[in-house]
Amino acid sequence: MANLELILVLATAVTGLIWLGWVIRRRRRSPERQREMPWFVDYSRSFFPVLLIVLILRSFVAEPFRIPSGSMMPTLLVGDFIMVSKFSYGVRLPVTRTKIFDVGEPERGEVVVFKYPRNPQEDYIKRVIGLPGDHIAFRDRVLYVNGEPQPAERVGTFEAEGSSAVMDGASVFEETLDGRTYNTLMREQQLSVDGSVTVPEGHYFMVGDNRDNSNDSRTWGFVSEELLVGRALFIWLHWDYNESYRDFSRIGQAIR
C-alpha cells in the first residue's frame, strides 16, 4: 500500500507539472507562435484532476482495504473489503506520514488499521484492547483491563463459507469493553495463552477477535501512535478470491 501511495503522489506531481509547464509556456508565446498541444500534455491535463482528487480522498478522508486473513473473525471475514477513515486519529501527509494536526485518539474496542511494527510496508487490522498506561492481562481466556475482567458470554458456534470455514466449530463469545460489544472466536480445546503487560506511553495494545488464531500484540508487542492509519468503518464488498465466493449480504455492515 505504501508503494501505491508513492506512485500516486509521483503521478499527480508529474502530470501537474507537465500541464502547468505547458500553460506557462503558452502564455509567454505570442499568438502567431502558438502550436497544437502535444499528446502527453493533453493526457496530463485529463489525468491530473482525477489523480489529485483520488490522492486527497485516499490520503485525508477514507481508503479501501481488503481483509486477507482470518485474524479478525467473526467480525471480519477473509475477502471482506472495508472502508477506513483516514482522519480519525490525525491528518498525515502521504508517504512521509508527517502529522499535520491532531483529530482524535483510538478508544478501547475500536477496530483499527495500522502499519505492522516489524514491517511498516504491511497494513494490519486489529482491535484496540489497551491504551497508553493500561495494564492488560489474559487469564483462562478472560481479558482483564487494569485489573477488571471484561464481560464475555458464549453465544453460539461459528459457521461460515469460503476460506473462513476453516474456523467452523469455534465458540463465539460476546465481549464488552468500555460499553462496546463485539464478538470473538475461541477454540476452547486449545490451551489458553496467558500473560500480562503494561502499555507504554504513545503506544497501543492490539488483539485480533480470532483470539486463538491471530498474530498480534501478544506476539510482537505494541503499536506506536505514528503507525496508526485509521479506524475501520464498514464493509463495502465481500469477495473471497481463494474460494471464488461472494456474499453480498455483508455489504454495508458497520464494523463494531
# chains A, B, ... in the order shown; residues from 1 in each chain; ligands from 1

call {"tool": "select_by_dssp", "arguments": {"residues": "segment 48-198 of chain A", "states": "strand (DSSP E or B)", "output": "number ranges by chain"}}
result
A: 62-66, 80-85, 91-92, 99-101, 111-116, 119-130, 135-139, 142-145, 148-149, 152-157, 171-177, 180-186, 195-198

call {"tool": "residues_around", "arguments": {"residues": "Glu174 of chain A", "least_positions_apart": "5", "cutoff": "6 Å", "atoms": "only C-alpha atoms", "output": "number ranges by chain"}}
result
A: 152-153, 182-183

call {"tool": "write_last_selection", "arguments": {"atoms": "C-alpha atoms", "output": "PDB file, in the first residue's frame"}}
result
ATOM      1  CA  ALA A 152     -17.763 -12.243  27.937  1.00  0.00           C
ATOM      2  CA  GLU A 153     -20.531 -14.763  27.291  1.00  0.00           C
ATOM      3  CA  TYR A 182     -18.471  -7.288  19.765  1.00  0.00           C
ATOM      4  CA  ASN A 183     -17.924 -10.984  19.057  1.00  0.00           C
TER       5      ASN A 183
END

call {"tool": "select_by_dssp", "arguments": {"residues": "segment 12-244 of chain A", "states": "alpha helix (DSSP H)", "output": "PyMOL selection string"}}
result
chain A and resi 12-28+39-56+217-220

call {"tool": "closest_residue", "arguments": {"among": "A:Arg97, A:Lys126, A:Lys115, A:Arg29", "to": "Arg211 of chain A", "atoms": "only C-alpha atoms"}}
result
A:Lys126

call {"tool": "residues_around", "arguments": {"residues": "Leu191 of chain A", "least_positions_apart": "4", "cutoff": "9 Å", "atoms": "only C-alpha atoms", "output": "list of chain:residue names"}}
result
A:Asp140, A:Arg187, A:Asp212

call {"tool": "closest_atom_pairs", "arguments": {"of": "segment 77-132 of chain A", "to": "segment 234-245 of chain A", "cutoff": "12 Å", "atoms": "only C-alpha atoms", "output": "tab-separated table"}}
result
residue	atom	partner	partner_atom	distance
A:Leu77	CA	A:His238	CA	8.3
A:Val78	CA	A:Asp240	CA	6.3
A:Gly79	CA	A:Asp240	CA	4.1
A:Asp80	CA	A:His238	CA	4.3
A:Phe81	CA	A:Leu237	CA	5.0
A:Ile82	CA	A:Ile235	CA	4.3
A:Met83	CA	A:Phe234	CA	5.7
A:Val84	CA	A:Phe234	CA	7.6
A:Ser85	CA	A:Phe234	CA	9.7
A:Val111	CA	A:Phe234	CA	10.5
A:Val112	CA	A:Phe234	CA	11.8

call {"tool": "closest_residue", "arguments": {"among": "A:Met37, A:Val103, A:Val207, A:Val142", "to": "Val128 of chain A", "atoms": "only C-alpha atoms"}}
result
A:Val207

call {"tool": "residues_around", "arguments": {"residues": "Phe138 of chain A", "least_positions_apart": "3", "cutoff": "8 Å", "atoms": "only C-alpha atoms", "output": "ChimeraX atom specification"}}
result
/A:141-144,193-196

call {"tool": "atom_distance", "arguments": {"atom1": "atom CA of Val166 of chain A", "atom2": "atom CA of Pro149 of chain A"}}
result
29.4 Å
